[in-house]
Every structure is written in structure tokens, then in C-alpha cells.
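**Q** Below is the file structure09.txt, with compact mmCIF, C-alpha atoms and all ligand atoms.
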```
# COMPACT_ATOMS: atom_id res chain seq x y z
CA MET A 391 49.65 1.43 92.56
CA ASN A 392 48.17 1.57 96.04
CA GLN A 393 50.48 1.09 99.01
CA GLU A 394 49.93 -2.24 100.78
CA VAL A 395 49.32 -2.02 104.54
CA VAL A 396 47.90 -4.16 107.34
CA LEU A 397 45.94 -3.24 110.44
CA GLY A 398 47.87 -4.14 113.59
CA ILE A 399 45.85 -4.38 116.82
CA ASP A 400 47.26 -4.65 120.33
CA LEU A 401 44.30 -5.56 122.54
CA GLY A 402 44.88 -5.04 126.25
CA GLY A 403 42.71 -5.29 129.33
CA THR A 404 42.55 -1.48 129.61
CA ASN A 405 43.42 0.02 126.23
CA THR A 406 43.51 -1.17 122.65
CA LYS A 407 45.93 0.26 120.11
CA ALA A 408 45.31 0.04 116.38
CA GLY A 409 47.58 1.17 113.56
CA LEU A 410 48.03 0.90 109.81
CA VAL A 411 51.51 -0.47 109.17
CA ASP A 412 53.41 -1.00 105.92
CA LYS A 413 55.87 -3.81 105.18
CA ASN A 414 58.82 -1.84 106.56
CA GLY A 415 57.19 -1.20 109.92
CA LYS A 416 56.18 2.36 109.16
CA VAL A 417 53.03 3.32 111.10
CA LEU A 418 50.83 5.45 108.79
CA ALA A 419 48.01 6.04 111.27
CA PHE A 420 47.46 5.12 114.88
CA GLU A 421 44.79 5.39 117.53
CA ARG A 422 44.34 4.19 121.10
CA PHE A 423 40.90 3.53 122.58
CA ASN A 424 39.27 2.09 125.69
CA THR A 425 38.81 -1.70 125.37
CA HIS A 426 35.64 -1.74 127.50
CA ALA A 427 36.73 -5.17 128.72
CA LYS A 428 34.10 -5.19 131.46
CA GLU A 429 31.22 -4.61 129.02
CA GLU A 430 29.85 -6.87 126.28
CA PHE A 431 32.16 -7.96 123.46
CA PRO A 432 30.01 -6.31 120.70
CA ILE A 433 30.74 -2.92 122.28
CA PHE A 434 34.44 -3.49 121.63
CA LEU A 435 33.68 -4.51 118.02
CA GLU A 436 31.69 -1.34 117.49
CA HIS A 437 34.52 0.86 118.81
CA LEU A 438 37.08 -1.00 116.72
CA SER A 439 35.02 -0.51 113.58
CA ILE A 440 34.68 3.24 114.22
CA VAL A 441 38.42 3.62 114.89
CA PHE A 442 39.29 1.56 111.81
CA ASN A 443 37.15 3.80 109.58
CA ARG A 444 38.58 6.92 111.16
CA ILE A 445 42.26 5.98 110.72
CA SER A 446 41.90 4.43 107.26
CA GLY A 447 39.49 7.04 105.83
CA PRO A 448 42.05 9.73 104.99
CA PHE A 449 44.18 7.17 103.08
CA LYS A 450 41.43 5.24 101.33
CA ASP A 451 42.50 6.19 97.78
CA GLN A 452 46.19 5.50 98.48
CA ILE A 453 46.26 2.20 100.36
CA SER A 454 45.24 -1.40 99.93
CA ILE A 455 44.55 -3.11 103.29
CA LYS A 456 45.68 -6.73 103.14
CA GLY A 457 44.37 -7.90 106.47
CA VAL A 458 44.42 -7.66 110.25
CA GLY A 459 46.90 -8.99 112.83
CA ILE A 460 45.91 -9.06 116.51
CA GLY A 461 47.76 -9.63 119.75
CA ALA A 462 45.47 -10.27 122.75
CA PRO A 463 45.53 -12.26 125.99
CA ASN A 464 44.91 -16.03 125.84
CA VAL A 465 44.29 -16.32 122.10
CA ASN A 466 44.26 -19.71 120.41
CA PHE A 467 46.18 -19.09 117.17
CA TYR A 468 44.35 -21.85 115.30
CA THR A 469 40.78 -20.80 116.11
CA GLY A 470 41.32 -17.08 116.73
CA ASN A 471 39.28 -17.42 119.93
CA MET A 472 40.17 -15.76 123.22
CA GLU A 473 39.93 -18.47 125.86
CA ARG A 474 39.24 -17.70 129.53
CA ALA A 475 40.97 -14.32 129.56
CA HIS A 476 40.53 -13.42 133.21
CA ASN A 477 40.52 -9.62 132.92
CA PHE A 478 37.64 -9.62 130.41
CA SER A 479 33.88 -10.02 130.85
CA TRP A 480 33.42 -11.35 127.32
CA GLY A 481 32.56 -14.94 128.25
CA GLU A 482 34.57 -18.16 128.47
CA ILE A 483 35.30 -18.30 124.74
CA THR A 484 35.29 -15.10 122.67
CA PRO A 485 35.38 -15.54 118.86
CA LEU A 486 37.82 -12.64 118.51
CA ALA A 487 39.29 -13.19 115.03
CA PRO A 488 36.08 -14.57 113.43
CA ALA A 489 34.01 -11.63 114.73
CA ILE A 490 36.53 -9.02 113.55
CA HIS A 491 36.70 -10.76 110.18
CA GLU A 492 32.93 -10.43 109.89
CA LYS A 493 32.90 -6.82 111.10
CA LEU A 494 35.75 -5.44 108.95
CA ASN A 495 35.46 -7.87 106.04
CA LEU A 496 39.20 -8.54 106.02
CA PRO A 497 41.29 -11.66 106.69
CA VAL A 498 42.30 -11.81 110.37
CA VAL A 499 45.05 -13.66 112.23
CA ALA A 500 45.46 -13.55 116.02
CA THR A 501 47.76 -14.90 118.70
CA ASN A 502 48.55 -14.09 122.30
CA ASP A 503 50.09 -10.71 123.07
CA ALA A 504 53.49 -12.02 124.16
CA ASN A 505 53.84 -14.03 120.93
CA VAL A 506 53.10 -10.85 119.04
CA ALA A 507 55.77 -9.02 121.05
CA ALA A 508 58.26 -11.76 120.07
CA LEU A 509 57.36 -11.39 116.38
CA GLY A 510 57.72 -7.62 116.66
CA GLU A 511 61.26 -8.06 118.01
CA MET A 512 62.12 -10.55 115.26
CA VAL A 513 60.81 -8.48 112.36
CA PHE A 514 61.34 -4.89 113.50
CA GLY A 515 63.35 -5.02 116.75
CA ILE A 516 66.42 -6.26 118.59
CA ALA A 517 66.01 -9.91 117.46
CA ARG A 518 66.25 -9.22 113.71
CA GLU A 519 69.38 -11.36 113.42
CA MET A 520 68.39 -14.00 115.99
CA LYS A 521 67.16 -17.55 115.45
CA ASN A 522 66.31 -18.74 118.97
CA PHE A 523 65.10 -16.39 121.68
CA ALA A 524 62.30 -15.64 124.14
CA VAL A 525 60.51 -12.39 124.91
CA LEU A 526 59.00 -11.81 128.35
CA THR A 527 56.48 -9.01 128.78
CA LEU A 528 56.52 -7.78 132.37
CA GLY A 529 53.39 -5.67 132.67
CA THR A 530 50.23 -6.13 134.74
CA GLY A 531 50.90 -9.85 134.24
CA LEU A 532 53.80 -11.80 132.75
CA GLY A 533 53.60 -13.06 129.18
CA SER A 534 56.16 -14.95 127.16
CA GLY A 535 56.71 -15.70 123.49
CA ILE A 536 59.24 -18.28 122.36
CA VAL A 537 60.89 -18.35 118.92
CA VAL A 538 62.65 -21.50 117.73
CA ASP A 539 64.52 -21.44 114.39
CA ARG A 540 62.74 -18.14 113.59
CA LYS A 541 59.31 -19.71 114.07
CA LEU A 542 56.94 -18.91 116.91
CA LEU A 543 56.48 -21.88 119.20
CA LEU A 544 52.69 -22.31 119.12
CA GLY A 545 51.98 -25.67 120.73
CA GLN A 546 49.04 -28.02 120.24
CA ASP A 547 46.37 -25.37 120.92
CA GLY A 548 48.39 -22.33 120.00
CA LEU A 549 48.85 -21.53 123.69
CA ALA A 550 52.57 -22.32 124.14
CA GLY A 551 54.71 -20.00 126.27
CA GLU A 552 52.63 -19.40 129.38
CA MET A 553 55.64 -18.73 131.59
CA GLY A 554 53.60 -16.43 133.78
CA HIS A 555 51.95 -19.48 135.27
CA VAL A 556 54.89 -21.75 136.00
CA ASN A 557 55.12 -22.44 139.72
CA VAL A 558 57.83 -20.74 141.75
CA ARG A 559 56.49 -21.26 145.27
CA PRO A 560 54.36 -24.28 146.09
CA ASP A 561 51.24 -22.84 147.74
CA GLY A 562 52.59 -19.30 147.28
CA ARG A 563 50.65 -16.17 146.34
CA ASN A 564 47.15 -16.63 144.88
CA CYS A 565 47.06 -16.01 141.13
CA ASN A 566 44.23 -14.63 138.95
CA CYS A 567 44.28 -17.94 137.06
CA GLY A 568 43.12 -19.89 140.13
CA LEU A 569 46.51 -21.49 140.86
CA SER A 570 48.93 -20.42 143.61
CA GLY A 571 52.60 -19.49 143.45
CA CYS A 572 52.65 -18.57 139.74
CA LEU A 573 55.64 -16.60 138.43
CA GLU A 574 53.53 -13.57 137.52
CA THR A 575 52.35 -13.15 141.11
CA TYR A 576 55.99 -12.20 141.85
CA VAL A 577 57.45 -10.99 138.55
CA SER A 578 55.11 -8.37 137.07
CA VAL A 579 54.02 -4.87 138.05
CA THR A 580 51.29 -6.41 140.19
CA GLY A 581 53.80 -8.86 141.66
CA ILE A 582 56.31 -6.22 142.69
CA LYS A 583 53.52 -4.18 144.33
CA ARG A 584 52.67 -7.22 146.41
CA THR A 585 56.36 -7.60 147.27
CA VAL A 586 56.63 -3.94 148.30
CA PHE A 587 53.72 -4.30 150.73
CA LYS A 588 55.16 -7.52 152.13
CA LEU A 589 58.54 -5.83 152.67
CA MET A 590 56.93 -2.79 154.29
CA ALA A 591 55.26 -5.15 156.75
CA ASP A 592 58.49 -7.04 157.44
CA ARG A 593 60.98 -4.14 157.64
CA LYS A 594 61.12 -1.15 159.95
CA VAL A 595 63.17 0.98 157.54
CA ASP A 596 61.79 4.28 156.23
CA SER A 597 60.42 4.35 152.69
CA ILE A 598 58.65 6.91 150.54
CA LEU A 599 56.37 4.07 149.42
CA ARG A 600 54.80 3.94 152.89
CA GLY A 601 52.86 7.08 151.94
CA TYR A 602 50.76 5.30 149.31
CA ASN A 603 47.93 2.80 149.47
CA TYR A 604 47.91 -0.33 147.30
CA HIS A 605 45.75 1.10 144.53
CA GLU A 606 47.74 4.33 144.22
CA LEU A 607 51.08 2.60 143.77
CA ASP A 608 52.21 1.72 140.24
CA GLY A 609 55.30 0.20 138.65
CA GLU A 610 56.79 3.53 137.60
CA MET A 611 56.58 4.87 141.15
CA ILE A 612 58.38 1.81 142.52
CA ALA A 613 61.01 2.05 139.77
CA GLN A 614 61.56 5.77 140.43
CA ALA A 615 61.81 5.18 144.19
CA ALA A 616 64.39 2.45 143.58
CA LEU A 617 66.39 4.73 141.25
CA ASP A 618 66.29 7.37 144.01
CA GLY A 619 67.79 4.86 146.46
CA ASP A 620 64.69 3.92 148.44
CA PRO A 621 65.63 0.77 150.44
CA ILE A 622 62.24 -0.99 150.17
CA ALA A 623 61.96 -0.34 146.41
CA LYS A 624 65.55 -1.50 145.83
CA GLU A 625 65.04 -4.67 147.84
CA ALA A 626 61.79 -5.33 145.94
CA PHE A 627 63.65 -5.25 142.60
CA THR A 628 66.41 -7.49 143.93
CA TYR A 629 63.83 -9.99 145.20
CA THR A 630 61.95 -9.87 141.88
CA GLY A 631 65.11 -10.27 139.77
CA ASN A 632 66.23 -13.17 141.90
CA ILE A 633 63.02 -15.12 141.22
CA LEU A 634 62.99 -14.16 137.53
CA GLY A 635 66.61 -15.27 137.04
CA THR A 636 65.86 -18.66 138.58
CA LYS A 637 63.07 -19.30 136.10
CA LEU A 638 65.09 -17.94 133.16
CA ALA A 639 67.78 -20.52 133.94
CA ASP A 640 65.04 -23.17 133.61
CA LEU A 641 63.85 -21.64 130.35
CA VAL A 642 67.38 -21.70 128.90
CA ALA A 643 67.67 -25.39 129.76
CA TYR A 644 64.47 -26.13 127.83
CA PHE A 645 65.40 -24.65 124.46
CA ASN A 646 68.95 -23.17 124.44
CA PRO A 647 68.15 -19.62 123.29
CA GLU A 648 70.81 -17.07 122.36
CA ALA A 649 68.94 -14.30 124.19
CA VAL A 650 66.09 -13.51 126.52
CA ILE A 651 64.51 -10.12 125.85
CA LEU A 652 62.57 -8.29 128.55
CA THR A 653 59.92 -5.65 127.90
CA GLY A 654 57.02 -3.98 129.74
CA GLY A 655 56.52 -1.58 132.64
CA LEU A 656 58.77 -3.38 135.11
CA THR A 657 61.80 -2.88 132.83
CA HIS A 658 61.71 0.91 133.36
CA ALA A 659 64.00 0.24 136.32
CA ARG A 660 66.59 -1.10 133.82
CA ASP A 661 69.76 -2.22 135.68
CA LEU A 662 67.95 -2.42 139.00
CA LEU A 663 66.04 -5.34 137.52
CA LEU A 664 68.60 -6.60 134.98
CA VAL A 665 71.57 -6.96 137.34
CA PRO A 666 69.91 -9.20 139.99
CA THR A 667 68.14 -11.15 137.24
CA GLN A 668 71.41 -11.78 135.38
CA GLU A 669 73.24 -12.77 138.59
CA SER A 670 70.50 -15.13 139.63
CA MET A 671 70.25 -16.68 136.15
CA ASP A 672 74.03 -17.11 135.82
CA ALA A 673 74.27 -18.74 139.24
CA ARG A 674 71.68 -21.36 138.27
CA LEU A 675 72.56 -22.01 134.63
CA PHE A 676 73.63 -25.46 133.57
CA PRO A 677 77.40 -25.03 132.95
CA ALA A 678 77.16 -25.73 129.20
CA PHE A 679 75.02 -22.59 128.74
CA ARG A 680 77.16 -20.20 130.81
CA GLY A 681 78.31 -17.07 129.02
CA LYS A 682 76.16 -17.87 125.98
CA VAL A 683 72.79 -16.33 126.80
CA ARG A 684 72.29 -12.58 126.56
CA LEU A 685 69.73 -10.86 128.75
CA LEU A 686 68.47 -7.77 126.89
CA LEU A 687 65.92 -5.00 127.12
CA SER A 688 63.52 -4.56 124.21
CA SER A 689 64.30 -1.97 121.55
CA VAL A 690 60.64 -1.57 120.59
CA GLY A 691 58.72 -0.02 123.42
CA GLY A 692 57.04 3.18 122.28
CA ALA A 693 53.26 3.52 122.08
CA HIS A 694 53.18 3.01 118.31
CA ASP A 695 55.48 0.00 118.59
CA ALA A 696 52.72 -2.03 120.28
CA VAL A 697 51.04 -2.49 116.90
CA LEU A 698 54.23 -3.52 115.07
CA GLY A 699 54.23 -7.09 116.35
CA ALA A 700 50.59 -7.53 115.39
CA ALA A 701 51.39 -6.12 111.97
CA ALA A 702 54.33 -8.52 111.64
CA LEU A 703 51.94 -11.40 112.41
CA ALA A 704 49.62 -10.23 109.64
CA TRP A 705 52.46 -9.84 107.13
CA GLN A 706 53.72 -13.34 107.96
CA HIS A 707 50.43 -15.16 107.73
CA LEU A 708 48.19 -13.32 105.26
ZN ZN B 1 48.63 -18.27 137.46
```
Translate the structure described by the file into C-alpha cells.

**A**
Amino acid sequence: MNQEVVLGIDLGGTNTKAGLVDKNGKVLAFERFNTHAKEEFPIFLEHLSIVFNRISGPFKDQISIKGVGIGAPNVNFYTGNMERAHNFSWGEITPLAPAIHEKLNLPVVATNDANVAALGEMVFGIAREMKNFAVLTLGTGLGSGIVVDRKLLLGQDGLAGEMGHVNVRPDGRNCNCGLSGCLETYVSVTGIKRTVFKLMADRKVDSILRGYNYHELDGEMIAQAALDGDPIAKEAFTYTGNILGTKLADLVAYFNPEAVILTGGLTHARDLLLVPTQESMDARLFPAFRGKVRLLLSSVGGAHDAVLGAAALAWQHL
């Protein structure tokens, strides 16, 4: 009998990862390709189709492909459309799941990338035994997926869990979404870069980061500088953790989770982010929740792992 697999797709603004995954989370084949987010949507479809044929070809007599699971920005779970994803030039509404269904002739299910990360943690990761938790992805932006009683919280339009765009500073930093003061303008790789440049303007202290311009600097460089004791980088992580902890205390009050799991580029700094975040969250938690919420780093974080959540979505819904 042929082995049953699904195609898991992690669609990002820069790269897309696709992998064939079995029920146990084993990745049989994997490829990463350029998303071409600034070109027309059909160009992406064409690349996806080529990659799909290339990774499934060698297995075609041994596997049975049950369907496709996709994690992508701003996806409406119910329609499979990408809605107003601001890093893409694919139009206001992109029929992501319907178009892939037509192209690959397989059933397709899609939801936003942070929801997919949450499913990945629940099925294959650190949340395997958990019932109520949230996953925050701290990358270029900030995404969040919320699981209640082992079900993804989807909301009326399948768009629930947009923590990146809760307000932390009235009239604060301008956000890509058109609002100002959103959480992701502070707590994300982009956010901490903005903080570093603000601190370099405000402080006279020496910093290795002063040698870089805005476009050269990335999250890993800031994390490494902080780990090496750079005062600006360290202060930037403390500032970031402080804001994140404040909003996590709010999140805990909304749905009483047992854990909040952090993942993404910003978490490479580990304790430099975790410690101020935990302190800030604990200081602002409603007393009934104190000592009950664990703040954890993701256990799935490798390149191949990006497709596991999308595969979990496919296994759950197809
Ligand atoms: Zn925003």
C-alpha cells in the first residue's frame, strides 16, 4: 500500500518552503524557493507547480498525496483567500487555496502562518500535551495563533489572533497596516531595529551597531551584539521584552492559557528576550494567574519544521 503524505507549504514574503510530510511529521522531501511576492500571483503558482513535481516525482510510485496545507499571511480560513497582505503585490484579495487546488488538483486548506505555527506546536512540538496556549511568531512582523481546548481560535472570518496589531502606544510608530503604535512595530525583528536606531540617537554610549546602516542590520546581528554585552543591543532587548510582557499579561487575562510559546528570529537572543518579557508579564498579571503561565521557546524551529504546521493543518482538515 502506498504511504499517505500531505504537501505542507509555508508561504512567506521572501521565501516559500514546501515539503511532503507523513502522519508522524517525517519530512520525505523538501524545497525552498523564492516567493516572487512583488510579481504577479500566477508566477508563484507556476513555481509552486514545478517544485511540487520535482519533490514528489521520485516518490510517485510509493506515495499517495492526500492534500495540501498552507500557512500564509492574512489568510481567511473559510475562503482560502489572502486578504490585504501588505508585503505582496498580488492584489487586495488573492484566491490562494482555490488557485492551488486548481493548479495541483488536490484538496487545499489554508490559514494564517501564525495559526499554522500553533498547530505545528500542538501536533509535533512543545504543546503536544497542552489544551490552551498561544504561539507568537516574532519575525519580520509579529503573528499569533491561539488554541482553546485544542482547537484553533478562528473567529468570524478566520482572522482571529492578530496580536501584532493591538495598540501599545497611542499615536506611536507607523505600522505597515496603516495604523500607528501597533505591537509589531516594537516587538519584531523590524521593531527592534527601529528601537536600536532610536537608542543610538538618544544615548552617547559606544556600540558596535553604530557601524551599520538600517538596511544592513538584522535580528541576528542585534542578538549577537547583545550576547556579546553591547549596551545598546542589550537595552533594545530589555525595552522590547518589557512591551511584549505587558501585552502578554493582557493576552493571559483574555483566555487563561497554560503557556505562551515564542518563536521566530527575535528569539535567537533567548534569555535576553525571555527574562525581561517574563518579568514584565509577571508584574502585570492579574493575581489569579500568577505562577500559572509558562513562557517558553518553540521546540520546532529548523528549516524543515516550517512545513510541519502546514502539514498538521492538512492532516486535521482533509
Ligand atoms: Zn499594524

**Q** Using all atoms listed in the file, give me every residue within 6 Å of (46.8, -14.4, 120.6) in file coordinates, as a VMD selection string.

**A** chain A and resid 461 to 467 500 to 503

**Q** For the residues in that selection, give me C-alpha atoms as a PDB file, in the frame of the given file.

**A**
```pdb
ATOM      1  CA  GLY A 461      47.760  -9.630 119.750  1.00  0.00           C
ATOM      2  CA  ALA A 462      45.470 -10.270 122.750  1.00  0.00           C
ATOM      3  CA  PRO A 463      45.530 -12.260 125.990  1.00  0.00           C
ATOM      4  CA  ASN A 464      44.910 -16.030 125.840  1.00  0.00           C
ATOM      5  CA  VAL A 465      44.290 -16.320 122.100  1.00  0.00           C
ATOM      6  CA  ASN A 466      44.260 -19.710 120.410  1.00  0.00           C
ATOM      7  CA  PHE A 467      46.180 -19.090 117.170  1.00  0.00           C
ATOM      8  CA  ALA A 500      45.460 -13.550 116.020  1.00  0.00           C
ATOM      9  CA  THR A 501      47.760 -14.900 118.700  1.00  0.00           C
ATOM     10  CA  ASN A 502      48.550 -14.090 122.300  1.00  0.00           C
ATOM     11  CA  ASP A 503      50.090 -10.710 123.070  1.00  0.00           C
TER      12      ASP A 503
END
```

**Q** As an exercise, work out the distance from CA of Gly531 (chain A) to CA of Leu397 (chain A) in Å and give it to one decimal place.

**A**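 Distance between the two atoms: 25.2 Å.
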
**Q** As a PyMOL selection string, please: the residues near Arg593 (chain A) (cut-off 10 Å, all atoms listed in the file, same-chain neighbours under 5 positions excluded).

**A** chain A and resi 588+621-622

**Q** Under the rule that all atoms listed in the file are counted, which of A:Pro560, A:Gly515, A:Gly571, A:Gly510 is the nearest residue to ligand ZN 1 (chain B)?

**A** A:Gly571

**Q** Give me, as a ChimeraX atom specification, the set of residues whose atoms come within 9 Å of any atom of ligand ZN 1 (chain B), counting only C-alpha atoms and all ligand atoms.

**A** /A:554-557,564-575

**Q** Output as JSON lines one row per residue of region 460-562 of chain A within 8 Å of region 406-429 of chain A: the closest atom pair and its distance in Å to one decimal place, counting only C-alpha atoms, sorted by chain and residue number ascending.

**A**
```
{"residue": "A:Asn477", "atom": "CA", "partner": "A:Ala427", "partner_atom": "CA", "distance": 7.2}
{"residue": "A:Phe478", "atom": "CA", "partner": "A:Ala427", "partner_atom": "CA", "distance": 4.8}
{"residue": "A:Ser479", "atom": "CA", "partner": "A:Lys428", "partner_atom": "CA", "distance": 4.9}
{"residue": "A:Trp480", "atom": "CA", "partner": "A:Ala427", "partner_atom": "CA", "distance": 7.1}
{"residue": "A:Phe514", "atom": "CA", "partner": "A:Gly415", "partner_atom": "CA", "distance": 6.6}
```

**Q** List the spatial neighbours of Asp672 (chain A) as a ChimeraX atom specification - criterion: any atom at most 10 Å away, all atoms listed in the file, same-chain residues fewer than 2 positions off excluded.

**A** /A:635-636,638-639,666-670,674-677,679-681,683

**Q** Limited to C-alpha atoms, could you put the picked residues into a file as a PDB file, in the coordinates of the input?

**A**
```pdb
ATOM      1  CA  GLY A 635      66.610 -15.270 137.040  1.00  0.00           C
ATOM      2  CA  THR A 636      65.860 -18.660 138.580  1.00  0.00           C
ATOM      3  CA  LEU A 638      65.090 -17.940 133.160  1.00  0.00           C
ATOM      4  CA  ALA A 639      67.780 -20.520 133.940  1.00  0.00           C
ATOM      5  CA  PRO A 666      69.910  -9.200 139.990  1.00  0.00           C
ATOM      6  CA  THR A 667      68.140 -11.150 137.240  1.00  0.00           C
ATOM      7  CA  GLN A 668      71.410 -11.780 135.380  1.00  0.00           C
ATOM      8  CA  GLU A 669      73.240 -12.770 138.590  1.00  0.00           C
ATOM      9  CA  SER A 670      70.500 -15.130 139.630  1.00  0.00           C
ATOM     10  CA  ARG A 674      71.680 -21.360 138.270  1.00  0.00           C
ATOM     11  CA  LEU A 675      72.560 -22.010 134.630  1.00  0.00           C
ATOM     12  CA  PHE A 676      73.630 -25.460 133.570  1.00  0.00           C
ATOM     13  CA  PRO A 677      77.400 -25.030 132.950  1.00  0.00           C
ATOM     14  CA  PHE A 679      75.020 -22.590 128.740  1.00  0.00           C
ATOM     15  CA  ARG A 680      77.160 -20.200 130.810  1.00  0.00           C
ATOM     16  CA  GLY A 681      78.310 -17.070 129.020  1.00  0.00           C
ATOM     17  CA  VAL A 683      72.790 -16.330 126.800  1.00  0.00           C
TER      18      VAL A 683
END
```

**Q** Between CA of Met671 (chain A) and CA of Lys637 (chain A), what distance in Å does the model show, to one decimal?

**A** 7.6 Å

**Q** Under the rule that only C-alpha atoms are counted, which of A:Ser688, A:Ala504, A:Gly533, A:Ile633 is the nearest residue to Arg559 (chain A)?

**A**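 Going through A:Ser688, A:Ala504, A:Gly533, A:Ile633 one by one, the smallest distance to Arg559 (chain A) is for A:Ile633.
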
**Q** Record the distance separating CA of Asp400 (chain A) and CA of Val697 (chain A), expressed in Å with one decimal.

**A**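 It comes out at 5.5 Å.
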
**Q** Using all atoms listed in the file, which residue out of A:Gly581, A:Val558, A:Leu663, A:Gly447 lies closest to Thr530 (chain A)?

**A**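 For Thr530 (chain A), the nearest of the candidates is A:Gly581.
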
**Q** Taking into account only C-alpha atoms, which residue in the set A:Ala678, A:Leu662, A:Gln614, A:Ala591 is nearest to Asn632 (chain A)?

**A**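 That would be A:Leu662, the residue with the smallest distance to Asn632 (chain A).
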
**Q** Step by step: locate region 582-611 of chain A in the block above, keep C-alpha atoms, then write the file as a PDB file, in the first residue's frame.

**A**
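Generated file (part_38.pdb):
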```pdb
ATOM      1  CA  ILE A 582      13.881  46.023  17.462  1.00  0.00           C
ATOM      2  CA  LYS A 583      15.849  47.569  14.572  1.00  0.00           C
ATOM      3  CA  ARG A 584      13.766  50.704  14.962  1.00  0.00           C
ATOM      4  CA  THR A 585      14.435  50.610  18.712  1.00  0.00           C
ATOM      5  CA  VAL A 586      18.191  50.239  18.171  1.00  0.00           C
ATOM      6  CA  PHE A 587      18.274  53.331  15.953  1.00  0.00           C
ATOM      7  CA  LYS A 588      16.181  55.289  18.436  1.00  0.00           C
ATOM      8  CA  LEU A 589      18.532  54.302  21.274  1.00  0.00           C
ATOM      9  CA  MET A 590      21.621  55.173  19.229  1.00  0.00           C
ATOM     10  CA  ALA A 591      20.146  58.639  18.727  1.00  0.00           C
ATOM     11  CA  ASP A 592      19.293  59.026  22.424  1.00  0.00           C
ATOM     12  CA  ARG A 593      22.440  57.561  24.034  1.00  0.00           C
ATOM     13  CA  LYS A 594      26.072  58.608  23.781  1.00  0.00           C
ATOM     14  CA  VAL A 595      27.421  55.167  24.707  1.00  0.00           C
ATOM     15  CA  ASP A 596      29.640  53.236  22.274  1.00  0.00           C
ATOM     16  CA  SER A 597      28.072  50.390  20.320  1.00  0.00           C
ATOM     17  CA  ILE A 598      29.222  48.070  17.565  1.00  0.00           C
ATOM     18  CA  LEU A 599      25.809  48.624  15.969  1.00  0.00           C
ATOM     19  CA  ARG A 600      26.759  52.221  15.146  1.00  0.00           C
ATOM     20  CA  GLY A 601      28.866  50.830  12.300  1.00  0.00           C
ATOM     21  CA  TYR A 602      25.854  49.621  10.309  1.00  0.00           C
ATOM     22  CA  ASN A 603      23.149  51.368   8.338  1.00  0.00           C
ATOM     23  CA  TYR A 604      19.473  50.466   8.767  1.00  0.00           C
ATOM     24  CA  HIS A 605      19.286  48.067   5.831  1.00  0.00           C
ATOM     25  CA  GLU A 606      22.439  46.165   6.797  1.00  0.00           C
ATOM     26  CA  LEU A 607      21.306  45.441  10.331  1.00  0.00           C
ATOM     27  CA  ASP A 608      19.347  42.249  11.001  1.00  0.00           C
ATOM     28  CA  GLY A 609      17.913  40.497  14.042  1.00  0.00           C
ATOM     29  CA  GLU A 610      20.775  38.025  14.370  1.00  0.00           C
ATOM     30  CA  MET A 611      23.339  40.831  14.448  1.00  0.00           C
TER      31      MET A 611
END
```
